[in-house]
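Source file: work-v6.txt. Holds: compact mmCIF, C-alpha atoms and all ligand atoms.
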# COMPACT_ATOMS: atom_id res chain seq x y z
CA MET Y 26 -21.55 -22.93 7.23
CA ARG Y 27 -21.96 -25.65 4.64
CA GLU Y 28 -22.93 -24.84 1.14
CA SER Y 29 -23.64 -27.08 -1.75
CA ASP Y 30 -22.01 -26.54 -5.10
CA GLY Y 31 -24.12 -29.28 -6.56
CA SER Y 32 -21.62 -32.09 -6.33
CA ARG Y 33 -19.91 -31.85 -2.98
CA LEU Y 34 -20.21 -30.11 0.34
CA THR Y 35 -17.51 -27.66 1.25
CA GLU Y 36 -16.72 -25.57 4.29
CA ALA Y 37 -16.43 -21.82 3.74
CA ALA Y 38 -13.10 -20.43 4.97
CA ILE Y 39 -14.28 -16.86 4.42
CA GLU Y 40 -17.79 -15.45 4.20
CA VAL Y 41 -18.42 -11.83 3.44
CA SER Y 42 -21.86 -10.31 3.33
CA SER Y 43 -22.83 -6.76 2.30
CA LEU Y 44 -19.49 -5.45 3.53
CA LYS Y 45 -18.96 -1.68 3.48
CA LYS Y 46 -16.10 0.63 4.38
CA ALA Y 47 -15.76 4.34 3.69
CA TYR Y 48 -12.82 6.70 4.21
CA GLY Y 49 -14.57 10.00 4.72
CA ALA Y 50 -16.70 10.60 1.65
CA LEU Y 51 -14.96 7.84 -0.32
CA GLN Y 52 -16.85 4.54 -0.36
CA ALA Y 53 -13.84 2.20 -0.70
CA VAL Y 54 -15.86 -1.01 -0.24
CA ASP Y 55 -19.47 -0.66 -1.28
CA GLY Y 56 -21.52 -3.63 -0.17
CA ILE Y 57 -19.66 -6.70 -1.37
CA SER Y 58 -20.54 -10.35 -0.70
CA PHE Y 59 -18.55 -13.47 -1.51
CA ALA Y 60 -17.46 -16.75 0.02
CA VAL Y 61 -14.14 -18.56 -0.23
CA ARG Y 62 -14.21 -22.33 0.14
CA GLU Y 63 -11.64 -24.24 2.09
CA GLY Y 64 -8.72 -25.28 -0.06
CA GLU Y 65 -9.38 -22.96 -2.96
CA VAL Y 66 -7.41 -20.08 -4.40
CA PHE Y 67 -9.83 -17.16 -4.63
CA SER Y 68 -8.76 -13.99 -6.39
CA LEU Y 69 -10.02 -10.47 -5.89
CA LEU Y 70 -9.15 -8.98 -9.24
CA GLY Y 71 -9.30 -5.29 -9.93
CA PRO Y 72 -7.39 -2.11 -10.71
CA ASN Y 73 -5.73 0.15 -8.14
CA GLY Y 74 -8.28 1.71 -5.87
CA ALA Y 75 -10.86 -1.04 -6.41
CA GLY Y 76 -11.01 -1.75 -2.66
CA LYS Y 77 -9.04 -5.01 -2.57
CA THR Y 78 -6.60 -4.11 0.21
CA THR Y 79 -9.34 -2.57 2.34
CA THR Y 80 -11.33 -5.79 2.03
CA ILE Y 81 -8.33 -7.93 2.94
CA GLU Y 82 -7.47 -5.72 5.91
CA ILE Y 83 -11.00 -6.13 7.25
CA LEU Y 84 -10.71 -9.91 6.86
CA GLU Y 85 -7.36 -9.88 8.68
CA GLY Y 86 -8.89 -7.99 11.57
CA LEU Y 87 -6.81 -4.86 10.93
CA ARG Y 88 -9.73 -2.62 10.02
CA LYS Y 89 -13.31 -2.51 11.17
CA GLN Y 90 -16.05 -2.48 8.55
CA ASP Y 91 -18.78 0.18 8.69
CA ALA Y 92 -21.50 -2.31 7.82
CA GLY Y 93 -22.00 -5.91 6.79
CA THR Y 94 -20.45 -9.07 8.19
CA ALA Y 95 -17.21 -10.96 7.75
CA ARG Y 96 -16.48 -14.47 9.04
CA VAL Y 97 -12.98 -15.86 8.69
CA LEU Y 98 -12.31 -19.45 9.78
CA GLY Y 99 -15.45 -19.27 11.84
CA THR Y 100 -14.45 -16.10 13.69
CA ASP Y 101 -15.31 -12.44 13.54
CA PRO Y 102 -11.94 -10.97 12.53
CA TRP Y 103 -12.42 -7.67 14.36
CA ALA Y 104 -13.66 -9.22 17.61
CA ASP Y 105 -11.44 -12.33 17.59
CA GLY Y 106 -8.33 -10.96 15.90
CA TYR Y 107 -5.93 -12.52 18.36
CA ALA Y 108 -7.24 -16.06 17.84
CA LEU Y 109 -7.43 -15.54 14.11
CA HIS Y 110 -3.86 -14.29 13.72
CA LYS Y 111 -2.52 -17.65 14.88
CA LYS Y 112 -4.31 -19.37 12.03
CA ILE Y 113 -3.67 -17.07 9.09
CA GLY Y 114 -0.64 -16.07 7.06
CA VAL Y 115 -0.34 -12.57 5.71
CA ILE Y 116 1.82 -10.73 3.22
CA PRO Y 117 0.93 -7.08 3.27
CA GLN Y 118 0.96 -5.19 -0.01
CA GLY Y 119 4.40 -3.85 -0.83
CA PHE Y 120 6.12 -6.13 1.67
CA LYS Y 121 9.75 -5.21 2.50
CA PHE Y 122 12.04 -6.92 4.95
CA PHE Y 123 15.34 -5.28 5.63
CA GLU Y 124 15.87 -5.94 9.32
CA TYR Y 125 17.23 -9.46 9.09
CA PRO Y 126 20.20 -10.46 7.04
CA THR Y 127 19.21 -13.67 5.23
CA PRO Y 128 16.04 -15.62 4.39
CA ARG Y 129 16.98 -18.42 6.82
CA GLU Y 130 17.54 -15.91 9.65
CA ALA Y 131 14.28 -14.18 8.86
CA VAL Y 132 12.27 -17.40 9.02
CA LYS Y 133 13.95 -18.42 12.30
CA TYR Y 134 13.29 -15.01 13.79
CA TYR Y 135 9.64 -15.03 12.79
CA ALA Y 136 9.16 -18.51 14.23
CA ALA Y 137 10.61 -17.28 17.54
CA LEU Y 138 8.31 -14.27 17.39
CA PHE Y 139 5.27 -16.53 16.94
CA GLY Y 140 6.60 -18.91 19.58
CA VAL Y 141 6.31 -21.87 17.22
CA LYS Y 142 8.69 -24.65 16.26
CA ALA Y 143 8.78 -24.05 12.54
CA ASP Y 144 10.23 -26.43 9.97
CA VAL Y 145 12.64 -23.76 8.73
CA GLU Y 146 14.23 -25.83 5.96
CA GLY Y 147 10.86 -27.18 4.88
CA ILE Y 148 9.48 -23.65 4.59
CA LEU Y 149 12.51 -22.43 2.63
CA ALA Y 150 12.06 -25.40 0.27
CA LYS Y 151 8.35 -24.69 -0.11
CA VAL Y 152 9.01 -21.18 -1.34
CA LEU Y 153 11.88 -22.33 -3.57
CA LEU Y 154 14.48 -20.39 -1.61
CA GLN Y 155 16.79 -23.25 -0.55
CA ASP Y 156 19.59 -22.02 -2.76
CA SER Y 157 19.33 -18.41 -1.58
CA ALA Y 158 18.76 -19.13 2.11
CA GLU Y 159 22.09 -17.53 3.06
CA VAL Y 160 22.07 -14.61 0.61
CA TYR Y 161 21.86 -11.16 2.21
CA PHE Y 162 18.38 -9.76 1.91
CA THR Y 163 19.58 -6.60 0.16
CA ARG Y 164 21.09 -8.79 -2.59
CA LEU Y 165 17.97 -10.79 -3.29
CA SER Y 166 16.01 -10.13 -6.47
CA GLY Y 167 12.48 -8.72 -6.26
CA GLY Y 168 11.02 -12.17 -6.78
CA GLN Y 169 13.21 -13.69 -4.07
CA LYS Y 170 12.24 -10.94 -1.63
CA GLN Y 171 8.60 -11.69 -2.31
CA LYS Y 172 9.34 -15.37 -1.61
CA VAL Y 173 10.81 -14.38 1.77
CA GLY Y 174 7.48 -12.72 2.46
CA LEU Y 175 5.72 -15.95 1.52
CA ALA Y 176 8.11 -17.92 3.77
CA LEU Y 177 7.35 -15.65 6.72
CA SER Y 178 3.63 -15.98 6.15
CA LEU Y 179 4.11 -19.76 6.49
CA VAL Y 180 5.93 -19.97 9.84
CA ASN Y 181 2.74 -20.54 11.81
CA ASP Y 182 1.64 -23.22 9.32
CA PRO Y 183 -1.52 -21.26 8.44
CA GLN Y 184 -4.53 -22.91 6.84
CA LEU Y 185 -5.49 -19.61 5.22
CA LEU Y 186 -3.20 -17.12 3.50
CA PHE Y 187 -3.88 -13.53 2.47
CA LEU Y 188 -1.61 -12.56 -0.38
CA ASP Y 189 -2.06 -8.92 -1.34
CA GLU Y 190 -0.58 -8.35 -4.80
CA PRO Y 191 2.33 -10.72 -4.23
CA THR Y 192 3.68 -10.29 -7.77
CA THR Y 193 3.18 -6.58 -8.45
CA GLY Y 194 6.31 -5.08 -9.92
CA LEU Y 195 8.03 -8.42 -10.53
CA ASP Y 196 9.39 -9.40 -13.92
CA PRO Y 197 7.51 -12.19 -15.73
CA GLN Y 198 9.97 -14.90 -14.72
CA ALA Y 199 9.87 -13.95 -11.04
CA ARG Y 200 6.08 -13.81 -11.19
CA ARG Y 201 5.99 -17.33 -12.54
CA ALA Y 202 8.22 -18.52 -9.70
CA VAL Y 203 5.82 -17.00 -7.16
CA TRP Y 204 2.92 -18.65 -9.00
CA GLU Y 205 4.70 -21.98 -8.58
CA VAL Y 206 4.90 -21.40 -4.81
CA ILE Y 207 1.21 -20.49 -4.64
CA ARG Y 208 0.30 -23.67 -6.58
CA GLY Y 209 2.31 -25.64 -4.02
CA LEU Y 210 0.36 -24.04 -1.15
CA LYS Y 211 -2.88 -25.02 -2.84
CA ARG Y 212 -1.65 -28.61 -3.32
CA GLU Y 213 -1.10 -28.75 0.45
CA GLY Y 214 -4.77 -27.91 0.91
CA ARG Y 215 -4.28 -24.35 2.15
CA THR Y 216 -6.83 -21.70 1.28
CA VAL Y 217 -5.49 -18.60 -0.46
CA LEU Y 218 -7.12 -15.21 -0.90
CA LEU Y 219 -5.04 -13.53 -3.57
CA THR Y 220 -5.42 -10.01 -4.84
CA THR Y 221 -3.97 -9.03 -8.15
CA HIS Y 222 -4.39 -6.56 -10.94
CA TYR Y 223 -2.95 -9.01 -13.45
CA LEU Y 224 -5.79 -10.68 -15.30
CA GLU Y 225 -3.67 -13.58 -16.49
CA GLU Y 226 -2.50 -14.23 -12.93
CA ALA Y 227 -6.08 -14.71 -11.75
CA GLU Y 228 -6.80 -16.82 -14.83
CA GLU Y 229 -3.70 -18.92 -14.14
CA LEU Y 230 -4.03 -19.48 -10.39
CA ALA Y 231 -7.53 -18.91 -9.15
CA ASP Y 232 -10.27 -21.49 -8.80
CA ARG Y 233 -12.70 -18.61 -8.55
CA VAL Y 234 -12.43 -14.90 -9.18
CA ALA Y 235 -14.38 -11.83 -8.12
CA ILE Y 236 -13.83 -8.85 -10.40
CA MET Y 237 -13.86 -5.68 -8.30
CA ASN Y 238 -14.09 -2.08 -9.41
CA LYS Y 239 -14.89 1.04 -7.38
CA GLY Y 240 -15.72 -0.91 -4.25
CA ARG Y 241 -18.10 -3.34 -5.91
CA ILE Y 242 -17.96 -6.86 -7.23
CA ILE Y 243 -19.04 -6.70 -10.84
CA THR Y 244 -19.04 -10.42 -11.46
CA SER Y 245 -17.65 -13.59 -9.91
CA GLY Y 246 -17.21 -17.27 -10.61
CA THR Y 247 -14.59 -19.54 -12.11
CA PRO Y 248 -12.69 -17.84 -14.94
CA ALA Y 249 -14.45 -20.22 -17.34
CA GLU Y 250 -17.89 -19.35 -15.92
CA ILE Y 251 -17.20 -15.64 -16.15
CA ILE Y 252 -16.09 -16.05 -19.75
CA THR Y 253 -19.13 -18.20 -20.64
CA ASN Y 254 -21.61 -15.92 -18.90
CA HIS Y 255 -20.29 -12.71 -20.42
CA SER Y 256 -18.81 -13.89 -23.67
CA SER Y 257 -19.88 -12.33 -26.93
CA GLY Y 258 -19.16 -15.70 -28.54
CA GLU Y 259 -16.41 -16.85 -30.81
CA ARG Y 260 -15.01 -14.53 -33.45
CA LEU Y 261 -13.01 -14.91 -36.61
CA LEU Y 262 -10.22 -12.39 -36.91
CA VAL Y 263 -8.48 -11.59 -40.16
CA HIS Y 264 -6.10 -8.89 -41.24
CA GLY Y 265 -7.33 -7.04 -44.30
CA SER Y 266 -8.38 -3.69 -45.76
CA GLU Y 267 -11.53 -1.67 -45.20
CA ARG Y 268 -12.57 -2.83 -48.67
CA LEU Y 269 -12.45 -6.42 -47.50
CA ALA Y 270 -14.45 -5.49 -44.40
CA LYS Y 271 -17.12 -3.86 -46.58
CA TYR Y 272 -17.15 -6.88 -48.90
CA LEU Y 273 -17.67 -9.23 -45.94
CA GLU Y 274 -20.41 -7.05 -44.53
CA LYS Y 275 -22.31 -7.47 -47.79
CA ASN Y 276 -21.51 -11.09 -48.53
CA ALA Y 277 -20.75 -13.04 -45.35
CA SER Y 278 -24.14 -12.46 -43.66
CA LEU Y 279 -22.37 -12.22 -40.29
CA PRO Y 280 -21.82 -9.20 -38.01
CA VAL Y 281 -18.55 -7.56 -39.10
CA GLU Y 282 -16.41 -5.05 -37.23
CA PHE Y 283 -13.44 -3.15 -38.63
CA ASP Y 284 -10.89 -1.51 -36.30
CA GLY Y 285 -10.25 1.35 -38.74
CA ARG Y 286 -6.78 0.06 -39.62
CA ASP Y 287 -6.39 -3.55 -40.70
CA LEU Y 288 -8.21 -5.87 -38.32
CA ILE Y 289 -11.56 -7.35 -39.28
CA SER Y 290 -13.63 -9.27 -36.74
CA LEU Y 291 -16.62 -11.47 -37.62
CA SER Y 292 -18.97 -12.81 -34.94
CA LEU Y 293 -19.60 -16.52 -35.26
CA HIS Y 294 -22.87 -17.85 -33.91
CA ARG Y 295 -22.84 -21.40 -35.22
CA LYS Y 296 -19.94 -23.69 -35.94
CA GLU Y 297 -20.77 -23.56 -39.68
CA ASP Y 298 -20.31 -19.77 -39.74
CA VAL Y 299 -16.56 -20.17 -39.84
CA MET Y 300 -16.78 -21.97 -43.22
CA ALA Y 301 -19.04 -19.28 -44.67
CA ALA Y 302 -16.70 -16.56 -43.42
CA VAL Y 303 -13.60 -18.19 -44.87
CA ALA Y 304 -15.38 -18.81 -48.19
CA ALA Y 305 -16.43 -15.15 -48.38
CA ILE Y 306 -12.87 -13.99 -47.70
CA GLN Y 307 -11.62 -16.27 -50.47
CA GLU Y 308 -14.31 -15.15 -52.95
CA SER Y 309 -13.50 -11.48 -52.37
CA GLY Y 310 -10.22 -11.89 -54.23
CA LEU Y 311 -8.79 -9.25 -51.86
CA GLU Y 312 -5.62 -9.45 -49.77
CA TRP Y 313 -5.92 -11.05 -46.36
CA ASP Y 314 -3.53 -12.42 -43.76
CA ASP Y 315 -3.26 -13.96 -40.30
CA LEU Y 316 -6.65 -15.66 -40.11
CA ARG Y 317 -7.63 -17.04 -36.69
CA THR Y 318 -10.57 -17.65 -34.39
CA LYS Y 319 -10.67 -16.17 -30.93
CA ARG Y 320 -12.73 -16.59 -27.79
CA ASP Y 321 -13.06 -13.83 -25.22
CA SER Y 322 -10.35 -13.82 -22.57
CA LEU Y 323 -11.00 -12.62 -19.04
CA GLU Y 324 -9.41 -9.37 -20.21
CA ASP Y 325 -12.00 -8.93 -23.00
CA ILE Y 326 -14.78 -9.51 -20.47
CA PHE Y 327 -13.19 -7.09 -18.03
CA VAL Y 328 -13.06 -4.36 -20.66
CA ARG Y 329 -16.70 -4.94 -21.57
CA LEU Y 330 -17.90 -4.93 -17.94
CA VAL Y 331 -15.77 -2.09 -16.62
CA GLY Y 332 -15.80 -0.11 -19.83
CA GLU Y 333 -12.06 0.45 -19.90
CA PRO Y 334 -8.96 -1.67 -20.23
CA MET Y 335 -7.12 -2.43 -16.98
CA GLU Y 336 -4.02 -0.46 -18.06
CA GLU Y 337 -6.03 2.73 -18.52
CA LEU Y 338 -7.61 2.31 -15.10
CA GLU Y 339 -4.13 1.72 -13.67
CA ALA Y 340 -2.78 4.83 -15.39
CA LYS Y 341 -5.57 6.96 -13.91
CA ALA Y 342 -5.14 5.64 -10.38
N1 LIG Y 401 -6.28 4.78 4.86
C1 LIG Y 401 -6.95 5.35 3.86
N2 LIG Y 401 -7.46 6.60 3.96
C2 LIG Y 401 -8.15 7.15 2.96
N3 LIG Y 401 -8.40 6.55 1.77
C3 LIG Y 401 -7.91 5.31 1.60
C4 LIG Y 401 -7.16 4.64 2.63
N4 LIG Y 401 -6.81 3.42 2.16
C5 LIG Y 401 -7.32 3.32 0.91
N5 LIG Y 401 -7.97 4.45 0.57
C6 LIG Y 401 -8.69 4.69 -0.70
O1 LIG Y 401 -9.71 3.71 -0.80
C7 LIG Y 401 -9.83 3.23 -2.11
C8 LIG Y 401 -9.61 1.73 -2.12
O2 LIG Y 401 -8.24 1.49 -1.79
P1 LIG Y 401 -7.64 0.05 -1.61
O3 LIG Y 401 -8.53 -0.74 -0.72
O4 LIG Y 401 -6.22 0.21 -1.22
O5 LIG Y 401 -7.78 -0.52 -3.10
P2 LIG Y 401 -6.86 -1.55 -3.91
O6 LIG Y 401 -6.13 -2.40 -2.93
O7 LIG Y 401 -7.83 -2.30 -4.75
O8 LIG Y 401 -5.94 -0.72 -4.74
C9 LIG Y 401 -8.82 4.00 -2.93
O9 LIG Y 401 -9.48 5.06 -3.56
C10 LIG Y 401 -7.82 4.49 -1.90
O10 LIG Y 401 -7.22 5.69 -2.31
MG MG Y 402 -4.15 -2.83 -2.75

Can you turn what I pasted into structure tokens?
Ligand SMILES: Nc1ncnc2c1ncn2[C@@H]1O[C@H](COP(=O)(O)OP(=O)(O)O)[C@@H](O)[C@H]1O
Ligand SMILES: [Mg+2]
Amino acid sequence: MRESDGSRLTEAAIEVSSLKKAYGALQAVDGISFAVREGEVFSLLGPNGAGKTTTIEILEGLRKQDAGTARVLGTDPWADGYALHKKIGVIPQGFKFFEYPTPREAVKYYAALFGVKADVEGILAKVLLQDSAEVYFTRLSGGQKQKVGLALSLVNDPQLLFLDEPTTGLDPQARRAVWEVIRGLKREGRTVLLTTHYLEEAEELADRVAIMNKGRIITSGTPAEIITNHSSGERLLVHGSERLAKYLEKNASLPVEFDGRDLISLSLHRKEDVMAAVAAIQESGLEWDDLRTKRDSLEDIFVRLVGEPMEELEAKA
């Protein structure tokens, strides 16, 4: 299919329409639709239990949907799984690889398994594992192990990769290294479907994002579009007392919120509002500190749409 985004025509690598999957009484995927364009990094973002892995498994041809359609690289993944598997790269969630001693061995073995002549050194370089290519797998760090997974998903030179939470449980530095690899895959023109429950990861890597919760897509678009469409506008934040908050409520003629401790937030509607707000703070003669303006982050939007912060949803799952 060709679709117009207004400026250019792009081929859809993945098209999902009204997709549903239940496990018994639990509706894990509840009628979702989205399309992933060729060459883009698309992120399914959502807390544990949102239905991300189920969706990905349907797209990989590992599970059959109950209803709706999925097209992946022009094929029906359930009916044409064999043809599809030659063209996609997959890292399952929670990937572990203990059977083969070193990253170089693992890549060679996988290439043999696929029956392809893989550029082993090129792949190791792509995932930034050249220097650890001979280190025993059990001695690799979490981030390096995840990179072995990425390397294995590349042996068949796939045009489309499914990365299911590739950075979950990694420390920030290792996560950044994996991000670097994913950026490299995008530069090569590969399409990536990435799931994550890290908001900043989606913000950092994805061209477009679909926020999922309880089997549904709540909103989708580029991170900037999501922020623009759902933003409550710019705010001025200042640390100060409840007295200051009350003073500003009376005198700043702007909506004021107080967090009950020391943070005051004023909604700014026009660019001039910031001057009025600062002037009112000054005129109050009261103590204030740490004055700054803030726009909604994807996290702020998520909290507003889902009703709870991601960490609380994670803790419940
Ligand atoms: N094989 C299964 N059998 C029964 N329930 C499942 C199975 N796999 C996932 N679920 C449930 O389906 C929901 C969605 O899970 P999943 O697709 O793994 O979400 P996510 O990847 O976003 O965490 C969760 O409530 C999960 O417990
Ligand atoms: Mg999952």

Neighbours of Leu323 of chain Y within 12 Å (only C-alpha atoms; same-chain residues fewer than 3 positions away dropped), as a ChimeraX atom specification? /Y:70-71,223-229,234-236,244-257,320,326-331,334-335

Selection within 10 Å of ligand LIG 401 (chain Y) by all atoms listed in the file, output as a ChimeraX atom specification: /Y:46-54,69-83,88,118,189-190,220-222,237-240,339,342

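Closest approach to ligand MG 402 (chain Y) from the set Y:Gly147, Y:Gly265, Y:Gly258, Y:Pro191 is made by Y:Pro191, with distances taken over all atoms listed in the file.
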
Of Y:Leu153, Y:Leu138, Y:Val160, Y:Ile116, the one nearest to ligand MG 402 (chain Y) when counting only C-alpha atoms and all ligand atoms is Y:Ile116

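Straight-line separation from atom CA of Leu291 of chain Y to atom CA of Tyr272 of chain Y: 12.2 Å.
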
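Residue nearest ligand MG 402 (chain Y), chosen from Y:Phe283, Y:Phe187, Y:Tyr134, Y:Phe139 and counting all atoms listed in the file: Y:Phe187.
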